[in-house]
Structures are given as C-alpha cells and as structure tokens.
file structure.txt (compact mmCIF, C-alpha atoms)
# COMPACT_ATOMS: atom_id res chain seq x y z
CA MET F 1 76.31 108.13 108.95
CA ASN F 2 75.29 104.51 108.40
CA ARG F 3 78.49 102.64 107.60
CA ASN F 4 76.54 99.93 105.78
CA LEU F 5 75.36 102.25 103.04
CA ASP F 6 76.40 100.98 99.62
CA ASP F 7 78.80 102.89 97.40
CA ASP F 8 76.09 104.25 95.11
CA SER F 9 74.19 105.74 98.03
CA LEU F 10 77.39 107.27 99.37
CA MET F 11 78.08 108.76 95.95
CA ALA F 12 74.58 110.25 95.83
CA ARG F 13 75.14 111.85 99.23
CA THR F 14 78.60 113.03 98.22
CA ALA F 15 77.02 114.74 95.23
CA GLN F 16 74.76 116.59 97.68
CA GLY F 17 77.84 117.79 99.55
CA GLU F 18 77.75 115.40 102.53
CA GLU F 19 81.30 115.27 103.78
CA ALA F 20 80.71 112.22 105.98
CA ALA F 21 79.56 110.19 102.98
CA PHE F 22 82.61 111.10 100.95
CA ARG F 23 84.88 110.39 103.88
CA LEU F 24 83.37 106.94 104.28
CA LEU F 25 83.92 106.21 100.59
CA VAL F 26 87.56 107.27 100.81
CA GLN F 27 88.13 105.20 103.94
CA ARG F 28 86.43 102.20 102.38
CA TRP F 29 88.52 102.20 99.23
CA GLU F 30 91.81 103.98 99.86
CA ALA F 31 93.84 100.92 100.91
CA GLN F 32 92.79 98.96 97.84
CA ILE F 33 93.42 101.85 95.48
CA LYS F 34 96.81 102.56 97.03
CA ALA F 35 97.79 98.88 96.80
CA PHE F 36 96.62 98.64 93.20
CA LEU F 37 98.50 101.80 92.19
CA THR F 38 101.60 100.61 94.02
CA GLN F 39 101.44 97.36 92.05
CA MET F 40 101.11 99.30 88.84
CA LEU F 41 103.80 101.90 89.55
CA GLY F 42 106.23 100.25 91.98
CA SER F 43 106.37 103.41 94.07
CA VAL F 44 104.39 104.18 97.19
CA GLU F 45 104.85 107.95 96.90
CA GLU F 46 103.53 108.03 93.37
CA ALA F 47 100.72 105.66 94.29
CA GLU F 48 99.66 107.98 97.11
CA ASP F 49 99.75 111.00 94.81
CA LEU F 50 97.64 109.28 92.22
CA ALA F 51 95.26 107.83 94.80
CA GLN F 52 94.65 111.37 96.06
CA ASP F 53 94.05 112.59 92.52
CA THR F 54 91.67 109.69 91.90
CA PHE F 55 89.52 110.51 94.93
CA VAL F 56 89.52 114.20 94.07
CA GLN F 57 88.20 113.18 90.65
CA VAL F 58 85.56 110.99 92.33
CA PHE F 59 84.40 114.01 94.32
CA ARG F 60 84.29 116.27 91.29
CA GLN F 61 82.38 113.76 89.22
CA ALA F 62 79.96 112.69 91.94
CA GLY F 63 77.17 114.74 90.38
CA ARG F 64 77.57 112.97 87.05
CA TYR F 65 77.95 109.46 88.48
CA ARG F 66 75.24 107.02 87.39
CA PRO F 67 74.33 104.61 90.19
CA GLU F 68 74.39 101.25 88.46
CA GLY F 69 76.13 99.28 91.18
CA LYS F 70 79.47 99.48 89.44
CA PHE F 71 81.30 101.93 91.64
CA GLN F 72 84.26 99.58 92.10
CA SER F 73 84.81 99.26 88.34
CA TRP F 74 84.41 102.98 87.84
CA LEU F 75 86.89 103.77 90.62
CA PHE F 76 89.52 101.27 89.47
CA ARG F 77 89.12 102.47 85.89
CA MET F 78 89.91 106.03 86.94
CA ALA F 79 92.88 104.89 89.01
CA GLY F 80 94.08 102.61 86.20
CA ASN F 81 93.87 105.39 83.63
CA ARG F 82 95.93 107.64 85.84
CA ALA F 83 98.51 104.90 86.40
CA ARG F 84 98.77 104.21 82.68
CA SER F 85 99.25 107.84 81.82
CA ARG F 86 101.92 108.12 84.54
CA LEU F 87 103.66 105.05 83.12
CA ARG F 88 103.57 106.54 79.64
CA ARG F 89 105.11 109.74 80.97
CA ARG F 90 107.78 107.69 82.70
CA LYS F 91 108.54 105.88 79.45
CA ILE F 92 109.03 109.22 77.78
CA LEU F 93 111.40 110.28 80.52
CA GLY F 94 113.13 106.89 80.33
CA TRP F 95 112.76 106.48 84.04
CA VAL F 96 111.88 103.18 85.61
CA ARG F 97 112.10 102.73 89.32
CA PHE F 98 111.47 99.84 91.58
CA GLN F 99 111.51 99.96 95.38
CA PRO F 100 112.25 96.54 96.88
CA GLU F 101 111.84 97.99 100.39
CA LEU F 102 108.11 98.31 99.66
CA HIS F 103 107.78 94.62 99.75
CA ASP F 104 109.19 94.14 103.17
CA ARG F 105 106.20 92.36 104.64
CA SER F 106 107.45 91.29 108.01
CA GLY F 107 104.07 90.72 109.63
CA GLY F 108 104.86 87.16 110.71
CA GLN F 109 108.20 88.21 112.21
CA PRO F 110 110.41 85.45 110.80
CA GLY F 111 114.09 85.13 111.65
CA PRO F 112 116.62 87.40 109.90
CA GLU F 113 117.54 84.84 107.23
CA GLU F 114 113.96 83.93 106.45
CA HIS F 115 113.10 87.58 106.45
CA LEU F 116 115.85 88.36 103.95
CA GLU F 117 114.74 85.47 101.78
CA GLU F 118 111.15 86.68 101.89
CA ILE F 119 112.21 90.17 100.87
CA GLN F 120 114.29 88.80 98.02
CA THR F 121 111.46 86.59 96.77
CA SER F 122 109.00 89.42 97.01
CA ALA F 123 111.39 91.76 95.18
CA ARG F 124 111.94 89.21 92.40
CA ILE F 125 108.24 88.73 91.92
CA GLN F 126 107.67 92.45 91.87
CA GLU F 127 110.47 92.95 89.35
CA ALA F 128 108.96 90.25 87.16
CA LEU F 129 105.52 91.84 87.45
CA HIS F 130 106.98 95.17 86.42
CA ARG F 131 108.47 93.65 83.30
CA LEU F 132 105.05 92.53 82.12
CA PRO F 133 103.27 94.63 79.51
CA GLU F 134 101.13 97.28 81.14
CA ARG F 135 97.71 95.75 80.42
CA GLN F 136 98.76 92.27 81.50
CA ARG F 137 100.05 93.74 84.75
CA GLN F 138 96.85 95.70 85.26
CA ALA F 139 94.64 92.66 84.69
CA LEU F 140 96.74 90.54 87.01
CA ALA F 141 96.90 93.21 89.72
CA LEU F 142 93.13 93.66 89.67
CA HIS F 143 92.36 89.96 89.66
CA ARG F 144 95.11 88.38 91.73
CA PHE F 145 95.81 91.17 94.19
CA GLN F 146 92.55 93.11 94.40
CA GLY F 147 90.29 90.08 94.09
CA LEU F 148 88.19 91.33 91.18
CA LYS F 149 86.40 88.72 89.09
CA TYR F 150 87.20 88.50 85.37
CA LYS F 151 83.89 90.22 84.61
CA GLU F 152 84.79 93.12 86.89
CA VAL F 153 88.29 93.35 85.48
CA ALA F 154 86.73 93.44 82.02
CA GLU F 155 84.54 96.37 83.10
CA VAL F 156 87.48 98.26 84.56
CA MET F 157 89.64 97.68 81.52
CA GLU F 158 86.81 98.14 79.04
CA THR F 159 87.38 94.79 77.40
CA THR F 160 85.67 91.38 77.31
CA VAL F 161 85.94 88.43 79.69
CA PRO F 162 87.85 86.34 77.09
CA GLY F 163 90.12 89.36 76.69
CA VAL F 164 90.88 89.30 80.43
CA GLU F 165 91.43 85.52 80.34
CA SER F 166 93.93 86.01 77.58
CA LEU F 167 95.72 88.86 79.38
CA ILE F 168 96.03 86.81 82.57
CA GLN F 169 97.18 83.67 80.79
CA ARG F 170 99.84 85.62 78.92
CA ALA F 171 100.88 87.36 82.13
CA MET F 172 101.29 84.02 83.90
CA ALA F 173 103.26 82.58 80.98
CA GLY F 174 105.52 85.63 81.10
CA LEU F 175 106.02 85.31 84.84
CA LYS F 176 106.82 81.62 84.51
CA ILE F 177 109.68 82.48 82.17
CA GLU F 178 110.84 85.48 84.20
CA LEU F 179 110.82 83.61 87.50
CA ALA F 180 112.24 80.31 86.28
CA GLY F 181 114.98 79.36 88.72
CA LYS F 182 114.64 82.63 90.66
CA VAL F 183 111.86 81.77 93.04
CA GLU F 184 111.43 78.59 95.07
CA MET F 185 108.75 76.79 93.09
CA SER F 186 108.51 73.53 94.96
CA MET J 187 88.63 63.95 77.84
CA LYS J 188 91.35 65.85 76.02
CA HIS J 189 94.06 67.81 77.84
CA VAL J 190 92.87 70.78 79.87
CA THR J 191 95.99 72.95 79.91
CA GLY J 192 94.07 75.89 78.41
CA GLN J 193 91.65 75.88 81.34
CA ILE J 194 94.09 75.45 84.22
CA GLN J 195 94.52 79.17 84.82
CA ASN J 196 90.79 79.83 84.82
CA TRP J 197 90.39 76.96 87.27
CA LEU J 198 93.04 78.42 89.58
CA SER J 199 91.40 81.82 89.26
CA GLY J 200 88.10 80.35 90.39
CA GLU J 201 86.48 81.40 87.15
CA LEU J 202 85.29 78.02 85.90
CA PRO J 203 81.65 77.08 86.43
CA ARG J 204 81.24 74.32 89.02
CA ALA J 205 80.50 71.54 86.51
CA GLU J 206 83.53 72.40 84.36
CA SER J 207 85.69 72.68 87.42
CA ARG J 208 84.67 69.20 88.59
CA ALA J 209 85.31 67.74 85.14
CA LEU J 210 88.76 69.32 85.07
CA GLU J 211 89.62 67.93 88.51
CA ASP J 212 88.52 64.46 87.39
CA HIS J 213 90.77 64.79 84.38
CA LEU J 214 93.73 65.82 86.52
CA GLU J 215 93.39 62.61 88.51
CA SER J 216 93.84 60.51 85.41
CA CYS J 217 96.28 62.61 83.33
CA ALA J 218 99.81 62.89 84.65
CA ALA J 219 100.85 65.56 82.11
CA CYS J 220 97.97 67.90 82.95
CA ALA J 221 98.38 67.21 86.68
CA ALA J 222 102.06 68.19 86.51
CA GLU J 223 101.21 71.35 84.62
CA ALA J 224 98.46 72.22 87.07
CA ALA J 225 100.77 71.67 90.04
CA GLU J 226 103.39 73.97 88.55
CA ALA J 227 100.82 76.63 87.70
CA ARG J 228 99.37 76.47 91.20
CA VAL J 229 102.79 76.98 92.80
CA LEU J 230 103.44 80.02 90.61
CA TRP J 231 99.94 81.38 91.30
CA GLU J 232 100.39 80.99 95.03
CA SER J 233 103.92 82.38 95.04
CA LEU J 234 102.52 85.62 93.67
CA GLU J 235 101.12 86.25 97.12
CA ALA J 236 104.65 87.27 98.10
CA GLY J 237 104.44 90.06 95.55
CA ALA J 238 101.34 91.61 97.11
CA VAL J 239 101.81 95.06 98.54
CA SER J 240 100.14 96.47 101.58
CA PRO J 241 101.13 100.11 101.67
CA ASP J 242 101.11 101.39 105.20
CA GLY J 243 101.10 105.00 106.15
CA PRO J 244 98.57 107.54 107.26
CA SER J 245 95.17 107.92 105.70
CA LEU J 246 94.95 110.08 102.62
CA TRP J 247 91.75 111.65 103.92
CA PRO J 248 93.22 114.91 105.33
CA ALA J 249 94.96 115.65 102.02
CA ILE J 250 91.93 114.66 99.97
CA ARG J 251 89.63 116.67 102.23
CA SER J 252 91.73 119.82 101.84
CA ARG J 253 91.45 119.44 98.05
CA THR J 254 87.71 118.77 98.03
CA VAL J 255 85.20 119.45 100.81
CA GLY J 256 87.75 121.45 102.81
CA ARG J 257 88.23 123.99 100.04
CA ALA J 258 84.89 125.62 100.84
CA GLU J 259 86.21 126.53 104.28
CA ARG J 260 89.04 128.64 102.91
CA PRO J 261 87.99 132.31 102.84
CA ALA J 262 87.57 133.46 99.28
CA TRP J 263 89.14 136.82 100.00
CA PHE J 264 92.35 135.20 101.22
CA PHE J 265 93.63 133.18 98.26
CA GLY J 266 90.65 132.98 96.00
CA GLN J 267 89.26 129.63 95.03
CA GLY J 268 89.80 129.42 91.32
CA ARG J 269 92.91 128.96 89.27
CA LEU J 270 92.46 132.45 87.89
CA ALA J 271 92.55 133.97 91.36
CA GLN J 272 95.65 131.99 92.28
CA SER J 273 97.41 132.90 89.03
CA SER J 274 96.55 136.56 89.61
CA LEU J 275 98.04 136.34 93.08
CA ALA J 276 101.26 134.88 91.69
CA VAL J 277 101.52 137.62 89.04
CA ALA J 278 100.89 140.28 91.69
CA ALA J 279 103.65 138.84 93.88
CA VAL J 280 106.17 138.90 91.01
CA ALA J 281 105.15 142.47 90.10
CA ALA J 282 105.55 143.59 93.71
CA GLY J 283 109.03 142.05 93.76
CA LEU J 284 110.01 143.93 90.60
CA VAL J 285 108.68 147.24 91.91
CA LEU J 286 110.58 146.82 95.16
CA GLY J 287 113.71 145.95 93.19
CA VAL J 288 113.42 149.11 91.08
CA PHE J 289 112.72 151.54 93.93
CA PHE J 290 115.05 149.99 96.47
CA PRO J 291 117.99 148.75 94.41
CA GLY J 292 120.32 148.38 97.42
CA ASP J 293 123.98 149.33 97.80
CA GLN J 294 126.22 148.19 94.96
CA GLY J 295 129.26 148.03 97.20
CA GLN J 296 127.32 146.40 99.93
CA ILE J 297 129.64 143.46 100.55
CA GLY J 298 132.84 145.54 100.66
CA GLY J 299 131.00 148.20 102.59
CA GLU J 300 129.92 145.75 105.22
CA ALA J 301 133.38 144.33 105.56
CA GLU J 302 134.77 147.83 105.97
CA ALA J 303 132.13 148.67 108.49
CA LEU J 304 132.98 145.56 110.44
CA ASP J 305 136.67 146.47 110.49
CA THR J 306 135.84 149.96 111.63
CA ALA J 307 133.49 148.66 114.23
CA ASP J 308 136.08 146.21 115.55
CA THR J 309 138.74 148.87 115.67
CA SER J 310 136.47 151.31 117.40
CA VAL J 311 135.45 148.76 119.98
CA GLU J 312 139.08 147.92 120.62
CA SER J 313 139.96 151.59 120.81
CA LEU J 314 137.09 152.28 123.14
CA TRP J 315 138.12 149.44 125.40
CA LEU J 316 141.77 150.41 125.34
CA THR J 317 140.97 154.08 125.82
CA GLY J 318 138.80 153.28 128.78
CA SER J 319 141.30 150.90 130.39
CA SER J 320 144.40 151.60 132.34
CA TRP J 321 146.41 150.02 129.53
CA ALA J 322 145.64 152.79 127.14
CA GLY J 323 148.82 154.74 127.68
CA GLY J 324 150.93 151.61 128.12
CA PHE J 325 149.69 150.15 124.87
CA THR J 326 150.63 153.29 122.96
CA ASP J 327 154.10 153.11 124.47
CA LEU J 328 154.45 149.41 123.64
CA GLN J 329 153.27 150.07 120.11
CA SER J 330 155.89 152.80 119.64
CA ASP J 331 158.61 150.58 121.07
CA TRP J 332 157.60 147.71 118.76
CA LEU J 333 157.55 149.98 115.71
CA THR J 334 160.93 151.46 116.58
CA ALA J 335 162.39 147.98 117.08
CA GLY J 336 160.98 146.88 113.73
CA GLU J 337 162.48 149.82 111.95
CA THR J 338 165.84 149.20 113.58
CA GLU J 339 165.74 145.52 112.59
CA THR J 340 164.85 146.42 109.01
CA GLU J 341 167.73 148.84 108.84
CA THR J 342 170.13 146.24 110.27
CA THR J 343 168.88 143.54 107.87
CA GLY J 344 169.14 145.98 105.02
CA GLN J 345 172.72 146.77 105.91
CA GLU J 346 173.60 143.07 106.13
CA GLY J 347 172.07 142.43 102.76
CA SER J 348 173.90 145.24 100.96

call {"tool": "encode", "arguments": {"input": "structure.txt", "output": "structure tokens"}}
result
Amino acid sequence: MNRNLDDDSLMARTAQGEEAAFRLLVQRWEAQIKAFLTQMLGSVEEAEDLAQDTFVQVFRQAGRYRPEGKFQSWLFRMAGNRARSRLRRRKILGWVRFQPELHDRSGGQPGPEEHLEEIQTSARIQEALHRLPERQRQALALHRFQGLKYKEVAEVMETTVPGVESLIQRAMAGLKIELAGKVEMS
Amino acid sequence: MKHVTGQIQNWLSGELPRAESRALEDHLESCAACAAEAAEARVLWESLEAGAVSPDGPSLWPAIRSRTVGRAERPAWFFGQGRLAQSSLAVAAVAAGLVLGVFFPGDQGQIGGEAEALDTADTSVESLWLTGSSWAGGFTDLQSDWLTAGETETETTGQEGS
C-alpha cells in the first residue's frame, strides 16, 4: 500500500473492502481525532471510545463518501457531532469531569517544581477551555490545537468564515477573563 | 490608520492576507494602545499551547478492526453477525437459564444441609482416626472420666447453691 495516497483514494479503496487502505486512514488520523475529542470532552477514555465510533462510522459510510478533497472536514465533523451529543448527554446527567492528569506533558523533563507549575498552568487552561460554550471550544480546538484554517473550521462546523472568526474572538475574550491572574501572562 | 484591535486575533491566527497583515504590523509600530493589546493577546494565544493534549496510549486500530473489517472473519454460525442474531442468542441464553431453574430447582435446605454434612464428615473423620489409633480405647475412658467429673462438679455446685 502506497503510504502517499491521499485520503480520498484511501476512502475509495476502503469502500472496496481494502483493509490496508482503511488501516492507513486510521493510523493517519487517529492521534488528531483523539486529541480533538480529548479537548472537547476532557476525558481520554471517552475520547478513545468516540474516536473508535467515529472510525467505525467512516468505514460504514465509505461507500457513500464523495471524494471532493474534504476528508478532513468530513472526519472532524463526524467526531465533533459525536462529542457534542456526548456533551449534551452529560449535561442531562449533570456530570462534568475534568482530568488534570491528562495534561501532564513532561516531555522536556523539567525539575519537580517547574513540572508542577506546568501541570497547574495546563490544568487551569484546560479548565478555562472547558468553561467556554461548546461551539467556541470546538472552533478553538480545531483551529488552535488541530491547525485547521478558518475555512476548514467553517466546513467542519457548517458555518461561515466570519462565523468562525466571531467564535474564536469570543472564545479568546472569554479565556482572557477566565485566566486573568491565574496564568503567567508576562 | 484607525485602531486594529478587531483584527489582532485574525493576525495572530495567520488568517489575514499578506497586505493586511503588513499594514497591521506597521500600525502596531506607531500605536502604543494597539501594540499593548496585541502583546497581551499574543501571550494568551501562545500560553494556550500549554493546554494542548497529546493522548498517548496504544493505537485504536485493533479495536476498530474488530468492529469493521475484522467482523467478516467471525464465523456466522458462532455468534451471528447481525443485531437480530445477537439478540436471539441473548434470549435463548435467558430461556435456557429459566428451564434449568425449573427442572433443577436445587435443595431448599442446602446451606443447613451442607453445614450438617460438614459436621458429620468431621465427626466421622475424627472417629475413623480415633478408632484406627491406639488412643481409641483411652479416649473413651478419658471421655467417661471427664463426664463423670463434670456431673460430680455440677452436683457439688448445686448443693452449694441451695
């Protein structure tokens, strides 16, 4: 299997039942989808569950997929829809959970104090992100953390580019208030 | 040029066309208010990096495979492949449980019965061991002596108490 095949070609082959093509698609996108869902939900376990469901849906819908070069938007839209419906269900259950241990990113191996400070900062930012309205959080997660352009975010969220601009500006204004005095801003 | 605060976020996001971006940067050099706002916004934007998540853990592929392409490998006669087949299997399992429950209801006094059986078993083991050992006769004698002594003591105590 040629690893340079684009997503649309891989989808076409997946639709024909080629396991290697589907596997390559999953491997290409799973980290990003898991990270995005973790941002949205604040829980790795739930993010993994929903990422699995998302890829199962990709497989099932491969035959109906229209190759227009927008696989990324299509994939993130499916994942985003699942995250939103999970968040709605959580709201109904009145359950909100945040896992600060998720944000223990000790790649650079700082000293214990710096490490603790990093974890605290990361946790505060994540808490603030989780207090944002759902769509603002989604737009910010896709743009800031997954590197999607406004146009791509607009496709995923089925809105316009000015709509995305507005969501991100409001999200940043909200974070500024939430994080005032809590995160080192100098 | 008027203040550019409304465009600062788009500039940070890399979403401004090159010409607009250059004009904004020129403005920031001459406007202290906008420059301060841009600096603050940039710090917040960059601090968000600390909130990025990089979930580790094993690949999801094995789980996804078993729910998609791997399903075809499962023999149809074993579990069936549709929801209907799986539901039927569940109903059959419950029905089998009920039938077994009706025809083999078990012993109502099972717990007491077992306890009794254990006692009996213990006693019989002890008896067997004692019977087979050279202590058998001696134990019987000791037991009689002990019982006799107990009776005597009870009588004595009874007399003292009256």

call {"tool": "atom_distance", "arguments": {"input": "structure.txt", "atom1": "CA of Leu24 (chain F)", "atom2": "CA of Ala51 (chain F)"}}
result
15.2 Å

call {"tool": "residues_around", "arguments": {"input": "structure.txt", "residues": "region 8-23 of chain F", "least_positions_apart": "2", "cutoff": "6 Å", "atoms": "all atoms listed in the file", "output": "list of chain:residue names"}}
result
F:Asp6, F:Leu25, F:Val26, F:Ala62, F:Gly63, F:Pro67

call {"tool": "closest_atom_pairs", "arguments": {"input": "structure.txt", "of": "chain F", "to": "chain J", "cutoff": "9 Å", "atoms": "all atoms listed in the file", "output": "JSON lines"}}
result
{"residue": "F:Gly17", "atom": "CA", "partner": "J:Val255", "partner_atom": "CA", "distance": 7.6}
{"residue": "F:Glu18", "atom": "CA", "partner": "J:Val255", "partner_atom": "CA", "distance": 8.7}
{"residue": "F:Glu19", "atom": "CA", "partner": "J:Val255", "partner_atom": "CA", "distance": 6.4}
{"residue": "F:Phe22", "atom": "CA", "partner": "J:Val255", "partner_atom": "CA", "distance": 8.7}
{"residue": "F:Arg23", "atom": "CA", "partner": "J:Trp247", "partner_atom": "CA", "distance": 7.0}
{"residue": "F:Val26", "atom": "CA", "partner": "J:Trp247", "partner_atom": "CA", "distance": 6.8}
{"residue": "F:Gln27", "atom": "CA", "partner": "J:Trp247", "partner_atom": "CA", "distance": 7.4}
{"residue": "F:Glu30", "atom": "CA", "partner": "J:Leu246", "partner_atom": "CA", "distance": 7.4}
{"residue": "F:Ala31", "atom": "CA", "partner": "J:Pro241", "partner_atom": "CA", "distance": 7.4}
{"residue": "F:Gln32", "atom": "CA", "partner": "J:Ser240", "partner_atom": "CA", "distance": 8.6}
{"residue": "F:Lys34", "atom": "CA", "partner": "J:Pro241", "partner_atom": "CA", "distance": 6.8}
{"residue": "F:Ala35", "atom": "CA", "partner": "J:Val239", "partner_atom": "CA", "distance": 5.8}
{"residue": "F:Phe36", "atom": "CA", "partner": "J:Val239", "partner_atom": "CA", "distance": 8.3}
{"residue": "F:Thr38", "atom": "CA", "partner": "J:Val239", "partner_atom": "CA", "distance": 7.2}
{"residue": "F:Gln39", "atom": "CA", "partner": "J:Val239", "partner_atom": "CA", "distance": 6.9}
{"residue": "F:Val44", "atom": "CA", "partner": "J:Pro241", "partner_atom": "CA", "distance": 6.9}
{"residue": "F:Glu48", "atom": "CA", "partner": "J:Leu246", "partner_atom": "CA", "distance": 7.5}
{"residue": "F:Ala51", "atom": "CA", "partner": "J:Leu246", "partner_atom": "CA", "distance": 8.1}
{"residue": "F:Gln52", "atom": "CA", "partner": "J:Ile250", "partner_atom": "CA", "distance": 5.8}
{"residue": "F:Asp53", "atom": "CA", "partner": "J:Ile250", "partner_atom": "CA", "distance": 8.0}
{"residue": "F:Phe55", "atom": "CA", "partner": "J:Ile250", "partner_atom": "CA", "distance": 7.0}
{"residue": "F:Val56", "atom": "CA", "partner": "J:Thr254", "partner_atom": "CA", "distance": 6.3}
{"residue": "F:Phe59", "atom": "CA", "partner": "J:Thr254", "partner_atom": "CA", "distance": 6.9}
{"residue": "F:Arg60", "atom": "CA", "partner": "J:Thr254", "partner_atom": "CA", "distance": 8.0}
{"residue": "F:Leu102", "atom": "CA", "partner": "J:Val239", "partner_atom": "CA", "distance": 7.2}
{"residue": "F:His103", "atom": "CA", "partner": "J:Val239", "partner_atom": "CA", "distance": 6.1}
{"residue": "F:Asp104", "atom": "CA", "partner": "J:Val239", "partner_atom": "CA", "distance": 8.8}
{"residue": "F:Arg105", "atom": "CA", "partner": "J:Ser240", "partner_atom": "CA", "distance": 7.9}
{"residue": "F:Glu118", "atom": "CA", "partner": "J:Ala236", "partner_atom": "CA", "distance": 7.5}
{"residue": "F:Ile119", "atom": "CA", "partner": "J:Ala236", "partner_atom": "CA", "distance": 8.6}
{"residue": "F:Thr121", "atom": "CA", "partner": "J:Ala236", "partner_atom": "CA", "distance": 7.0}
{"residue": "F:Ser122", "atom": "CA", "partner": "J:Gly237", "partner_atom": "CA", "distance": 4.8}
{"residue": "F:Ala123", "atom": "CA", "partner": "J:Gly237", "partner_atom": "CA", "distance": 7.2}
{"residue": "F:Arg124", "atom": "CA", "partner": "J:Gly237", "partner_atom": "CA", "distance": 8.2}
{"residue": "F:Ile125", "atom": "CA", "partner": "J:Gly237", "partner_atom": "CA", "distance": 5.4}
{"residue": "F:Gln126", "atom": "CA", "partner": "J:Gly237", "partner_atom": "CA", "distance": 5.4}
{"residue": "F:Leu129", "atom": "CA", "partner": "J:Gly237", "partner_atom": "CA", "distance": 8.4}
{"residue": "F:Ala141", "atom": "CA", "partner": "J:Ala238", "partner_atom": "CA", "distance": 8.8}
{"residue": "F:His143", "atom": "CA", "partner": "J:Ser199", "partner_atom": "CA", "distance": 8.2}
{"residue": "F:Arg144", "atom": "CA", "partner": "J:Ser199", "partner_atom": "CA", "distance": 7.9}
{"residue": "F:Phe145", "atom": "CA", "partner": "J:Ala238", "partner_atom": "CA", "distance": 6.3}
{"residue": "F:Lys149", "atom": "CA", "partner": "J:Glu201", "partner_atom": "CA", "distance": 7.6}
{"residue": "F:Tyr150", "atom": "CA", "partner": "J:Glu201", "partner_atom": "CA", "distance": 7.4}
{"residue": "F:Glu165", "atom": "CA", "partner": "J:Asn196", "partner_atom": "CA", "distance": 7.3}
{"residue": "F:Ile168", "atom": "CA", "partner": "J:Gln195", "partner_atom": "CA", "distance": 8.1}
{"residue": "F:Gln169", "atom": "CA", "partner": "J:Gln195", "partner_atom": "CA", "distance": 6.6}
{"residue": "F:Met172", "atom": "CA", "partner": "J:Trp231", "partner_atom": "CA", "distance": 8.0}
{"residue": "F:Leu175", "atom": "CA", "partner": "J:Leu230", "partner_atom": "CA", "distance": 8.2}
{"residue": "F:Lys176", "atom": "CA", "partner": "J:Leu230", "partner_atom": "CA", "distance": 7.2}
{"residue": "F:Leu179", "atom": "CA", "partner": "J:Leu230", "partner_atom": "CA", "distance": 8.8}
{"residue": "F:Val183", "atom": "CA", "partner": "J:Ser233", "partner_atom": "CA", "distance": 8.2}
{"residue": "F:Glu184", "atom": "CA", "partner": "J:Ser233", "partner_atom": "CA", "distance": 8.4}
{"residue": "F:Met185", "atom": "CA", "partner": "J:Val229", "partner_atom": "CA", "distance": 6.0}
{"residue": "F:Ser186", "atom": "CA", "partner": "J:Val229", "partner_atom": "CA", "distance": 7.0}

call {"tool": "atom_distance", "arguments": {"input": "structure.txt", "atom1": "CA of Glu134 (chain F)", "atom2": "CA of Arg66 (chain F)"}}
result
28.4 Å

call {"tool": "residues_near_point", "arguments": {"input": "structure.txt", "point": "(103.9, 102.2, 84.2)", "cutoff": "10 Å", "atoms": "all atoms listed in the file", "output": "list in words"}}
result
Leu37, Gln39, Met40, Leu41, Gly42, Arg82, Ala83, Arg84, Ser85, Arg86, Leu87, Arg88, Arg89, Arg90, Lys91, Trp95, Val96, Arg97, His130, Arg131, Leu132, Pro133, Glu134, Arg135, Arg137 and Gln138 of chain F

call {"tool": "closest_residue", "arguments": {"input": "structure.txt", "among": "F:Met157, F:Lys151, F:Gln61, F:Ala128", "to": "Ala171 (chain F)", "atoms": "all atoms listed in the file"}}
result
F:Ala128

call {"tool": "atom_distance", "arguments": {"input": "structure.txt", "atom1": "CA of Arg3 (chain F)", "atom2": "CA of Gln57 (chain F)"}}
result
22.2 Å
